[in-house]
Amino acid sequence: GAVVSQHPSRVICKSGTSVKIECRSLDFQATTMFWYRQFPKQSLMLMATSNEGSKATYEQGVEKDKFLINHASLTLSTLTVTSAHPEDSSFYICSARPGQGINQPQHFGDGTRLSIL
Amino acid sequence: DAKTTQPPSMDCAEGRAANLPCNHSTISGNEYVYWYRQIHSQGPQYIIHGLKNNETNEMASLIITEDRKSSTLILPHATLRDTAVYYCIVRRLAGNMLTFGGGTRLMVKP
């Protein structure tokens, strides 16, 4: 079945550091990938839609200069949290859907737990 | 996309069927019902989806009412590993993103 791989699974770093998270579709091509954020005891919130070969589309309230998204190939999207601060600590999750068939379900990575000290 | 309503939590005895309800009274004709679950500290896992007919796979069954205003996810023999938050999501046919609500926290007890 469709698999989405996310790396790293956990990051702990100092305030001011930039952190890059990778999301790969392992057995299918994905022209569109999605980045979500989840705070403790809350549901997933969509941050942005990553489009292969073009600019990402950000949800209202999400700073595009803070959360840089690059979708350079059909199997890889990256999210870079720039100059991270403690309030950026969260669980970041990516998802992708096989491009063929508009009825295909989305599949999710296992998430990246980011802790900023 | 139509909004969904789910009970915040449910308990189920191990080995028994778990029936998780979802209301989606504003669903439109081109919207599918999707179910995902999220086990603690993991990404959401796809379970099943349907349009108007009942669906069954190796994980669960999905029962959609005739008027499509509600649905029920059935785990036929719940195990402790089925303890998770279950999300019912309605998405239009050509839609892309999934919008998550609060979900139902299912606790399977021995």
# chains A, B, ... in the order shown; residues from 1 in each chain; ligands from 1
>>> closest_atom_pairs(of="chain A", to="chain B", cutoff="7 Å", atoms="only C-alpha atoms", output="CSV")
residue,atom,partner,partner_atom,distance
A:Ser43,CA,B:Gly102,CA,5.7
A:Leu44,CA,B:Phe100,CA,6.0
A:Ile93,CA,B:Gly43,CA,6.5
A:Ile102,CA,B:Ala94,CA,5.7
A:Asn103,CA,B:Leu93,CA,6.4
A:His107,CA,B:Tyr46,CA,6.6
A:Phe108,CA,B:Gly43,CA,5.7
A:Gly109,CA,B:Gly43,CA,5.6
A:Asp110,CA,B:Gly43,CA,4.2
A:Gly111,CA,B:Gly43,CA,5.5
>>> write_last_selection(atoms="N, CA, C and O atoms", output="short mmCIF file (atom, residue, chain, number, x, y, z; two decimals), in the first residue's frame")
data_model
loop_
_atom_site.label_atom_id
_atom_site.label_comp_id
_atom_site.auth_asym_id
_atom_site.auth_seq_id
_atom_site.Cartn_x
_atom_site.Cartn_y
_atom_site.Cartn_z
N SER A 43 -6.53 18.58 17.72
CA SER A 43 -6.60 17.89 16.44
C SER A 43 -5.54 18.43 15.48
O SER A 43 -4.83 19.39 15.79
N LEU A 44 -5.44 17.79 14.33
CA LEU A 44 -4.48 18.25 13.33
C LEU A 44 -4.99 19.52 12.67
O LEU A 44 -6.17 19.63 12.34
N ILE A 93 3.20 16.83 10.91
CA ILE A 93 2.83 15.63 10.16
C ILE A 93 2.62 16.00 8.70
O ILE A 93 1.95 16.99 8.40
N ILE A 102 -8.89 10.62 -8.37
CA ILE A 102 -9.27 11.67 -7.43
C ILE A 102 -9.95 11.08 -6.20
O ILE A 102 -10.19 11.78 -5.24
N ASN A 103 -10.23 9.79 -6.22
CA ASN A 103 -10.88 9.18 -5.07
C ASN A 103 -9.88 8.48 -4.16
O ASN A 103 -10.26 7.81 -3.23
N HIS A 107 -2.46 9.53 2.61
CA HIS A 107 -1.69 8.74 3.56
C HIS A 107 -0.74 9.66 4.30
O HIS A 107 -0.24 10.64 3.74
N PHE A 108 -0.51 9.33 5.55
CA PHE A 108 0.24 10.22 6.43
C PHE A 108 1.56 9.61 6.86
O PHE A 108 1.69 8.38 6.99
N GLY A 109 2.53 10.50 7.08
CA GLY A 109 3.77 10.07 7.70
C GLY A 109 3.55 9.87 9.20
O GLY A 109 2.48 10.18 9.72
N ASP A 110 4.58 9.39 9.87
CA ASP A 110 4.47 9.13 11.30
C ASP A 110 4.76 10.35 12.16
O ASP A 110 4.75 10.26 13.39
N GLY A 111 5.00 11.48 11.52
CA GLY A 111 5.15 12.71 12.26
C GLY A 111 6.55 12.99 12.77
O GLY A 111 7.37 12.08 12.90
#
>>> residues_around(residues="Val108 in chain B", least_positions_apart="5", cutoff="8 Å", atoms="only C-alpha atoms", output="ChimeraX atom specification")
/B:11-14,78-83
>>> write_last_selection(atoms="N, CA, C and O atoms", output="mmCIF file, in the first residue's frame")
data_model
loop_
_atom_site.group_PDB
_atom_site.id
_atom_site.type_symbol
_atom_site.label_atom_id
_atom_site.label_comp_id
_atom_site.auth_asym_id
_atom_site.auth_seq_id
_atom_site.Cartn_x
_atom_site.Cartn_y
_atom_site.Cartn_z
ATOM 1 N N ASP B 11 -16.015 4.030 25.207
ATOM 2 C CA ASP B 11 -15.326 2.854 25.724
ATOM 3 C C ASP B 11 -15.875 1.618 25.032
ATOM 4 O O ASP B 11 -17.025 1.590 24.604
ATOM 5 N N CYS B 12 -15.032 0.594 24.930
ATOM 6 C CA CYS B 12 -15.461 -0.668 24.337
ATOM 7 C C CYS B 12 -14.695 -1.799 25.019
ATOM 8 O O CYS B 12 -13.495 -1.654 25.302
ATOM 9 N N ALA B 13 -15.395 -2.898 25.274
ATOM 10 C CA ALA B 13 -14.729 -4.054 25.866
ATOM 11 C C ALA B 13 -13.961 -4.816 24.790
ATOM 12 O O ALA B 13 -14.423 -4.970 23.650
ATOM 13 N N GLU B 14 -12.788 -5.290 25.173
ATOM 14 C CA GLU B 14 -11.963 -6.056 24.247
ATOM 15 C C GLU B 14 -12.738 -7.259 23.712
ATOM 16 O O GLU B 14 -13.412 -7.961 24.458
ATOM 17 N N ALA B 78 -12.929 -5.542 18.625
ATOM 18 C CA ALA B 78 -11.937 -4.567 19.067
ATOM 19 C C ALA B 78 -10.844 -5.200 19.920
ATOM 20 O O ALA B 78 -11.115 -6.078 20.756
ATOM 21 N N THR B 79 -9.609 -4.765 19.697
ATOM 22 C CA THR B 79 -8.487 -5.197 20.525
ATOM 23 C C THR B 79 -7.891 -3.977 21.219
ATOM 24 O O THR B 79 -8.221 -2.831 20.884
ATOM 25 N N LEU B 80 -7.015 -4.247 22.175
ATOM 26 C CA LEU B 80 -6.398 -3.139 22.910
ATOM 27 C C LEU B 80 -5.644 -2.204 21.965
ATOM 28 O O LEU B 80 -5.551 -0.996 22.209
ATOM 29 N N ARG B 81 -5.118 -2.753 20.868
ATOM 30 C CA ARG B 81 -4.374 -1.941 19.913
ATOM 31 C C ARG B 81 -5.264 -1.027 19.080
ATOM 32 O O ARG B 81 -4.752 -0.183 18.343
ATOM 33 N N ASP B 82 -6.573 -1.187 19.202
ATOM 34 C CA ASP B 82 -7.490 -0.284 18.504
ATOM 35 C C ASP B 82 -7.755 0.985 19.304
ATOM 36 O O ASP B 82 -8.487 1.868 18.835
ATOM 37 N N THR B 83 -7.197 1.082 20.489
ATOM 38 C CA THR B 83 -7.328 2.314 21.273
ATOM 39 C C THR B 83 -6.656 3.458 20.525
ATOM 40 O O THR B 83 -5.464 3.394 20.215
#
>>> closest_residue(among="A:Phe39, A:Phe34, A:Phe67, A:Tyr58", to="Val81 in chain A", atoms="only C-alpha atoms")
A:Phe67
>>> closest_residue(among="A:Pro105, A:Ala96, A:Leu68, A:His85", to="Val90 in chain B", atoms="only C-alpha atoms")
A:Pro105
>>> atom_distance(atom1="CA of Pro21 in chain B", atom2="CA of Pro98 in chain A")
28.1 Å
>>> closest_residue(among="A:Ser50, A:Gln38, A:Ser95, A:Gln60", to="His40 in chain B", atoms="only C-alpha atoms")
A:Gln38
>>> residues_around(residues="Arg24 in chain A", least_positions_apart="5", cutoff="10 Å", atoms="only C-alpha atoms", output="PDB file with N, CA and C atoms, in the first residue's frame")
ATOM      1  N   VAL A   3       2.816   4.396   1.025  1.00  0.00           N
ATOM      2  CA  VAL A   3       3.566   4.691   2.243  1.00  0.00           C
ATOM      3  C   VAL A   3       4.179   6.075   2.144  1.00  0.00           C
ATOM      4  N   VAL A   4       4.054   6.813   3.225  1.00  0.00           N
ATOM      5  CA  VAL A   4       4.675   8.127   3.341  1.00  0.00           C
ATOM      6  C   VAL A   4       5.687   8.069   4.477  1.00  0.00           C
ATOM      7  N   SER A   5       6.914   8.449   4.178  1.00  0.00           N
ATOM      8  CA  SER A   5       7.979   8.415   5.175  1.00  0.00           C
ATOM      9  C   SER A   5       8.356   9.823   5.592  1.00  0.00           C
ATOM     10  N   GLN A   6       8.519  10.028   6.869  1.00  0.00           N
ATOM     11  CA  GLN A   6       8.851  11.346   7.393  1.00  0.00           C
ATOM     12  C   GLN A   6      10.112  11.219   8.253  1.00  0.00           C
ATOM     13  N   HIS A   7      11.001  12.224   8.113  1.00  0.00           N
ATOM     14  CA  HIS A   7      12.267  12.161   8.836  1.00  0.00           C
ATOM     15  C   HIS A   7      12.738  13.564   9.200  1.00  0.00           C
ATOM     16  N   GLN A  29       3.948   8.706  -6.772  1.00  0.00           N
ATOM     17  CA  GLN A  29       4.308  10.099  -7.012  1.00  0.00           C
ATOM     18  C   GLN A  29       3.199  11.005  -6.488  1.00  0.00           C
ATOM     19  N   ALA A  30       3.591  12.107  -5.910  1.00  0.00           N
ATOM     20  CA  ALA A  30       2.626  13.017  -5.306  1.00  0.00           C
ATOM     21  C   ALA A  30       2.892  14.446  -5.767  1.00  0.00           C
ATOM     22  N   MET A  33       1.473  17.593  -1.612  1.00  0.00           N
ATOM     23  CA  MET A  33       1.643  17.081  -0.259  1.00  0.00           C
ATOM     24  C   MET A  33       1.116  18.121   0.721  1.00  0.00           C
ATOM     25  N   SER A  73      10.586  17.636  -6.039  1.00  0.00           N
ATOM     26  CA  SER A  73      10.369  16.453  -6.867  1.00  0.00           C
ATOM     27  C   SER A  73       9.008  15.856  -6.540  1.00  0.00           C
ATOM     28  N   LEU A  74       8.610  14.866  -7.317  1.00  0.00           N
ATOM     29  CA  LEU A  74       7.297  14.258  -7.128  1.00  0.00           C
ATOM     30  C   LEU A  74       7.242  13.321  -5.936  1.00  0.00           C
ATOM     31  N   THR A  75       8.366  13.125  -5.263  1.00  0.00           N
ATOM     32  CA  THR A  75       8.365  12.226  -4.106  1.00  0.00           C
ATOM     33  C   THR A  75       8.918  12.862  -2.841  1.00  0.00           C
ATOM     34  N   LEU A  76       9.255  14.140  -2.886  1.00  0.00           N
ATOM     35  CA  LEU A  76       9.877  14.761  -1.715  1.00  0.00           C
ATOM     36  C   LEU A  76       9.385  16.183  -1.502  1.00  0.00           C
ATOM     37  N   SER A  77       8.930  16.442  -0.283  1.00  0.00           N
ATOM     38  CA  SER A  77       8.627  17.797   0.154  1.00  0.00           C
ATOM     39  C   SER A  77       9.364  18.023   1.465  1.00  0.00           C
ATOM     40  N   THR A  78       9.894  19.225   1.649  1.00  0.00           N
ATOM     41  CA  THR A  78      10.569  19.546   2.907  1.00  0.00           C
ATOM     42  C   THR A  78       9.926  20.763   3.552  1.00  0.00           C
ATOM     43  N   CYS A  94       3.151  15.188   7.808  1.00  0.00           N
ATOM     44  CA  CYS A  94       2.917  15.419   6.390  1.00  0.00           C
ATOM     45  C   CYS A  94       2.000  14.329   5.835  1.00  0.00           C
ATOM     46  N   SER A  95       1.384  14.623   4.722  1.00  0.00           N
ATOM     47  CA  SER A  95       0.558  13.611   4.058  1.00  0.00           C
ATOM     48  C   SER A  95       0.628  13.816   2.554  1.00  0.00           C
ATOM     49  N   ALA A  96       0.283  12.768   1.844  1.00  0.00           N
ATOM     50  CA  ALA A  96       0.283  12.814   0.391  1.00  0.00           C
ATOM     51  C   ALA A  96      -0.758  11.838  -0.135  1.00  0.00           C
ATOM     52  N   GLY A 109       2.532  10.495   7.079  1.00  0.00           N
ATOM     53  CA  GLY A 109       3.766  10.074   7.701  1.00  0.00           C
ATOM     54  C   GLY A 109       3.552   9.874   9.196  1.00  0.00           C
TER      55      GLY A 109
END
>>> closest_residue(among="B:Leu106, B:Cys22, B:Ile63, B:Ala17", to="Ala84 in chain B", atoms="only C-alpha atoms")
B:Leu106
>>> select_by_dssp(residues="chain A", states="strand (DSSP E or B)", output="NGL selection string")
:A and (4-7 or 10-13 or 19-25 or 32-38 or 45-51 or 57-58 or 67-73 or 76-81 or 90-96 or 107-108 or 112-116)
>>> atom_distance(atom1="CA of Ile64 in chain B", atom2="CA of Gln104 in chain A")
18.9 Å
>>> residues_around(residues="Asn51 in chain A", least_positions_apart="4", cutoff="7 Å", atoms="only C-alpha atoms", output="JSON, numbers by chain")
{"A": [31, 32, 33, 55, 56, 71]}
